[in-house]
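Shown next: input_23.txt, given as compact mmCIF, C-alpha atoms.
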```
# COMPACT_ATOMS: atom_id res chain seq x y z
CA MET A 4 -7.08 67.64 -14.12
CA SER A 5 -9.85 68.08 -16.67
CA THR A 6 -13.28 69.42 -15.92
CA LEU A 7 -16.49 68.12 -17.39
CA HIS A 8 -18.50 70.33 -19.63
CA PRO A 9 -22.13 70.87 -18.49
CA THR A 10 -23.44 68.93 -21.50
CA GLU A 11 -21.21 65.97 -20.53
CA ILE A 12 -22.56 66.11 -16.98
CA ALA A 13 -26.13 66.27 -18.26
CA SER A 14 -25.49 63.34 -20.60
CA THR A 15 -23.96 61.27 -17.79
CA LEU A 16 -26.86 62.06 -15.45
CA ALA A 17 -29.37 61.14 -18.16
CA GLY A 18 -27.60 57.80 -18.64
CA VAL A 19 -27.64 57.14 -14.89
CA GLY A 20 -31.35 58.01 -14.83
CA ARG A 21 -32.07 55.57 -17.67
CA SER A 22 -30.13 52.84 -15.87
CA ILE A 23 -32.03 53.43 -12.63
CA ARG A 24 -35.37 53.34 -14.47
CA SER A 25 -34.33 50.12 -16.22
CA ILE A 26 -33.35 48.48 -12.93
CA HIS A 27 -36.62 49.67 -11.40
CA ALA A 28 -38.61 48.19 -14.30
CA TYR A 29 -36.87 44.82 -13.88
CA ALA A 30 -37.46 44.86 -10.10
CA GLU A 31 -41.16 45.51 -10.62
CA ARG A 32 -41.37 42.30 -12.64
CA ILE A 33 -40.39 40.14 -9.65
CA PRO A 34 -43.55 38.13 -8.96
CA ASP A 35 -45.17 38.56 -5.54
CA SER A 36 -45.53 34.78 -5.43
CA LEU A 37 -41.77 34.34 -5.70
CA ILE A 38 -41.24 36.78 -2.84
CA ALA A 39 -43.92 35.01 -0.79
CA ALA A 40 -42.45 31.56 -1.46
CA LEU A 41 -38.95 32.69 -0.51
CA GLY A 42 -40.30 34.47 2.57
CA ARG A 43 -42.34 31.41 3.61
CA PHE A 44 -39.36 29.08 3.26
CA SER A 45 -36.90 31.42 4.97
CA ILE A 46 -38.98 32.37 8.01
CA ALA A 47 -40.20 28.78 8.38
CA ALA A 48 -36.57 27.64 8.53
CA VAL A 49 -35.76 30.15 11.29
CA PHE A 50 -38.56 28.95 13.55
CA TRP A 51 -38.22 25.25 12.63
CA LYS A 52 -34.51 25.26 13.52
CA SER A 53 -35.30 26.95 16.82
CA GLY A 54 -38.00 24.39 17.54
CA GLN A 55 -35.60 21.55 16.74
CA THR A 56 -33.35 22.69 19.61
CA LYS A 57 -36.24 22.15 22.03
CA ILE A 58 -37.11 18.55 21.14
CA GLU A 59 -35.56 15.11 20.88
CA GLY A 60 -36.63 12.12 18.83
CA LEU A 61 -37.38 13.99 15.62
CA ALA A 62 -34.75 15.80 13.59
CA ILE A 63 -35.51 17.00 10.07
CA ASP A 64 -33.29 19.47 8.25
CA LEU A 65 -33.69 19.52 4.48
CA VAL A 66 -30.58 21.62 3.93
CA ASP A 67 -28.27 19.52 6.13
CA ARG A 68 -30.05 16.34 4.98
CA THR A 69 -30.74 15.26 8.55
CA PHE A 70 -33.65 12.85 8.93
CA GLU A 71 -34.22 11.25 12.30
CA LEU A 72 -37.81 10.13 12.35
CA GLY A 73 -39.42 9.29 15.66
CA TRP A 74 -41.88 10.54 18.20
CA PRO A 75 -40.85 14.04 19.30
CA ARG A 76 -40.56 14.83 22.98
CA LEU A 77 -39.46 17.91 24.82
CA SER A 78 -35.72 17.95 25.44
CA GLU A 79 -34.34 17.96 28.98
CA SER A 80 -32.90 21.42 28.51
CA ALA A 81 -36.00 23.14 27.04
CA VAL A 82 -37.73 23.92 30.35
CA ASP A 83 -34.41 25.02 31.85
CA LEU A 84 -33.93 27.37 28.88
CA PHE A 85 -37.28 29.01 29.56
CA ARG A 86 -36.65 29.12 33.30
CA ASP A 87 -33.05 30.38 33.28
CA GLU A 88 -32.64 32.39 30.08
CA TYR A 89 -36.01 33.39 28.61
CA ARG A 90 -37.81 34.07 31.92
CA LEU A 91 -41.18 35.08 30.51
CA PRO A 92 -43.04 37.05 33.19
CA PHE A 93 -46.55 35.86 32.26
CA MET A 94 -46.09 32.12 31.66
CA SER A 95 -44.50 29.27 33.57
CA PRO A 96 -41.48 27.58 31.95
CA GLU A 97 -43.27 24.22 32.16
CA PHE A 98 -46.08 25.62 30.01
CA ALA A 99 -44.05 27.92 27.72
CA ALA A 100 -41.42 25.36 26.63
CA PRO A 101 -43.79 22.76 25.13
CA LEU A 102 -46.03 25.50 23.71
CA ALA A 103 -43.10 27.16 21.93
CA ALA A 104 -41.73 23.82 20.71
CA PHE A 105 -45.14 22.91 19.29
CA ALA A 106 -45.66 26.34 17.67
CA GLU A 107 -42.15 26.34 16.19
CA HIS A 108 -42.96 23.10 14.40
CA LEU A 109 -46.62 23.54 13.44
CA PHE A 110 -46.57 27.05 11.99
CA PRO A 111 -43.42 26.56 9.87
CA VAL A 112 -44.94 23.43 8.31
CA LEU A 113 -48.12 25.34 7.54
CA LEU A 114 -46.07 28.18 6.05
CA LEU A 115 -44.08 25.79 3.85
CA LEU A 116 -47.31 24.36 2.53
CA GLY A 117 -48.87 27.78 2.21
CA LEU A 118 -51.81 26.56 4.29
CA ALA A 119 -53.38 29.08 6.67
CA THR A 120 -50.52 31.36 5.69
CA ARG A 121 -51.91 34.55 7.15
CA PHE A 122 -52.89 32.90 10.44
CA SER A 123 -49.51 31.14 10.75
CA ALA A 124 -47.64 34.36 9.98
CA ALA A 125 -49.70 36.19 12.61
CA ALA A 126 -48.96 33.52 15.21
CA LEU A 127 -45.21 33.70 14.50
CA LEU A 128 -45.36 37.51 14.56
CA VAL A 129 -46.84 37.37 18.07
CA MET A 130 -44.04 34.98 19.03
CA THR A 131 -41.48 37.35 17.50
CA LEU A 132 -42.91 40.27 19.47
CA VAL A 133 -42.76 38.28 22.72
CA ILE A 134 -39.14 37.34 22.01
CA GLN A 135 -38.28 40.96 21.18
CA VAL A 136 -39.99 42.52 24.18
CA PHE A 137 -39.32 39.95 26.91
CA VAL A 138 -36.35 37.82 25.88
CA TYR A 139 -33.87 39.52 23.55
CA PRO A 140 -34.67 43.26 23.34
CA ASP A 141 -31.28 44.03 21.78
CA ALA A 142 -31.98 41.75 18.82
CA TYR A 143 -34.31 44.24 17.12
CA PRO A 144 -32.42 44.16 13.78
CA THR A 145 -33.03 40.41 13.45
CA HIS A 146 -36.57 40.55 14.79
CA GLY A 147 -37.34 43.49 12.53
CA VAL A 148 -36.46 41.38 9.49
CA TRP A 149 -38.61 38.51 10.79
CA ALA A 150 -41.51 40.89 11.43
CA THR A 151 -41.19 42.36 7.93
CA VAL A 152 -41.40 38.94 6.28
CA LEU A 153 -44.32 37.90 8.51
CA LEU A 154 -46.19 41.16 7.89
CA TYR A 155 -45.69 40.70 4.13
CA LEU A 156 -47.18 37.20 4.34
CA MET A 157 -50.08 38.48 6.44
CA ALA A 158 -50.78 41.27 3.94
CA ARG A 159 -50.25 39.37 0.68
CA GLY A 160 -50.82 35.72 1.59
CA GLY A 161 -48.86 32.71 0.40
CA GLY A 162 -48.99 33.43 -3.33
CA VAL A 163 -49.89 31.13 -6.22
CA LEU A 164 -47.46 28.46 -5.00
CA SER A 165 -49.55 27.78 -1.90
CA VAL A 166 -52.38 25.51 -0.82
CA ASP A 167 -54.30 28.64 0.21
CA HIS A 168 -54.27 29.74 -3.43
CA TRP A 169 -55.52 26.37 -4.64
CA ILE A 170 -58.31 26.42 -2.07
CA ALA A 171 -59.26 29.98 -2.99
CA ARG A 172 -59.38 29.14 -6.69
CA GLY A 173 -61.43 26.07 -5.95
CA TRP A 174 -60.78 22.45 -6.51
CA PRO A 175 -62.77 20.59 -9.13
CA GLY A 176 -66.16 19.79 -7.64
CA MET A 177 -66.08 22.61 -5.07
CA PRO A 178 -69.49 24.31 -5.00
CA ALA A 179 -69.43 27.77 -6.60
CA ARG A 180 -70.60 29.51 -3.38
CA ASN A 181 -67.65 27.99 -1.43
CA ARG A 182 -65.26 29.03 -4.19
CA GLN A 183 -66.54 32.63 -4.04
CA ALA A 184 -66.19 32.72 -0.23
CA ALA A 185 -62.63 31.38 -0.48
CA VAL A 186 -61.66 33.95 -3.13
CA SER A 187 -63.18 36.71 -1.01
CA LEU A 188 -61.13 35.59 2.02
CA GLU A 189 -57.95 35.42 -0.06
CA GLN A 190 -58.43 39.01 -1.28
CA HIS A 191 -58.75 40.46 2.24
```
Will you turn the file into structure tokens for me?
Amino acid sequence: MSTLHPTEIASTLAGVGRSIRSIHAYAERIPDSLIAALGRFSIAAVFWKSGQTKIEGLAIDLVDRTFELGWPRLSESAVDLFRDEYRLPFMSPEFAAPLAAFAEHLFPVLLLLGLATRFSAAALLVMTLVIQVFVYPDAYPTHGVWATVLLYLMARGGGVLSVDHWIARGWPGMPARNRQAAVSLEQH
């Protein structure tokens, strides 16, 4: 067995250090807007798919290419799900089921559009916290990932590929004072 000379070790470590710095430099070039767009699509899909299990008459899944257009209505099993499995201590199943079904459709659509991104992310974060605390406390690894994505969207917004960005930058004809107010809101 051969041993490495200290200069060989130092050279190898220097090469590893250069590689790590190079990878780090490439990672820093990933645009925030790309991360936001991927986060918006991914978390929207999670909640949309959950909402789809609570309704009948409307089924839209872009990945599976499912399109059943119609007037959505609460499924027969949704209230039972809230009564028998979820058992929220502060809300009746008859109220919670339609509220959750509505929220799991509205906020994902807003996130996909990048419209009211921060508000929608906050609403879904509250929902995530309720699920974590009252429904599935052992699912913290999954809910932690959801919370991370939602917190990122709350902190950074929807990015340049969002309606929020277009509004903040102003549409042609938008008065300058409204444009300044929108930019100020986007920055906070």
Interface rows for stretch 15-107 of chain A against stretch 115-119 of chain A: nearest pair, Å to one decimal, 7 Å, all atoms listed in the file, as a Markdown table:
```
| residue | atom | partner | partner_atom | distance |
| --- | --- | --- | --- | --- |
| A:Arg43 | CA | A:Leu115 | CA | 5.9 |
| A:Phe44 | CA | A:Leu115 | CA | 5.8 |
| A:Ala47 | CA | A:Leu115 | CA | 6.7 |
```
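Rounded to one decimal, atom CA of A:Asp35 and atom CA of A:Phe122 lie 18.6 Å from each other.
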Atom-to-atom span, atom CA of A:Ser123 and atom CA of A:Asp87, Å:
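Between these atoms lies a distance of 27.9 Å.
Ranking A:Leu7, A:Glu97, A:Pro111, A:Ala125 by their shortest atom-to-atom distance to A:Thr151, with all atoms listed in the file included, puts A:Ala125 first.
Between atom CA of A:Ser78 and atom CA of A:Lys57 lies a distance of 5.4 Å.
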Would you please work out which residue, of A:Leu91, A:Leu156, A:Leu113, A:Ala104, is nearest to A:Tyr139 when using all atoms listed in the file?
A:Leu91
One residue among A:Leu127, A:Val19, A:Leu102, A:Ile12 is nearest to A:Phe85 when using only C-alpha atoms, and that residue is A:Leu102
Can you pull out the residues contacting A:Ala81? Cut-off 8 Å, using all atoms listed in the file, and skip same-chain residues under 5 positions away; I want them as a list of chain:residue names.
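That gives A:Thr56, A:Lys57, A:Ile58, A:Ala100.
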Hey, can I get the axis-aligned box for stretch 47-54 of chain A? All listed atoms, 6 Å padding on each side, centre and edge lengths in Å to one decimal, as lines of an AutoDock Vina configuration file.
```
center_x = -37.4
center_y = 27.3
center_z = 13.0
size_x = 17.7
size_y = 17.8
size_z = 21.2
```
Give me, as a VMD selection string, all polymer residues having an atom no more than 12 Å from A:Leu153, counting only C-alpha atoms and skipping those fewer than 5 positions away in the same chain.
chain A and resid 38 to 47 49 to 50 110 to 111 114 120 to 132 146 to 148 158 to 161
Compare A:Val138, A:Ile23, A:Leu84, A:Ala48 by their minimum atom-to-atom distance to A:Asp67, counting all atoms listed in the file, and give me the closest one.
A:Ala48
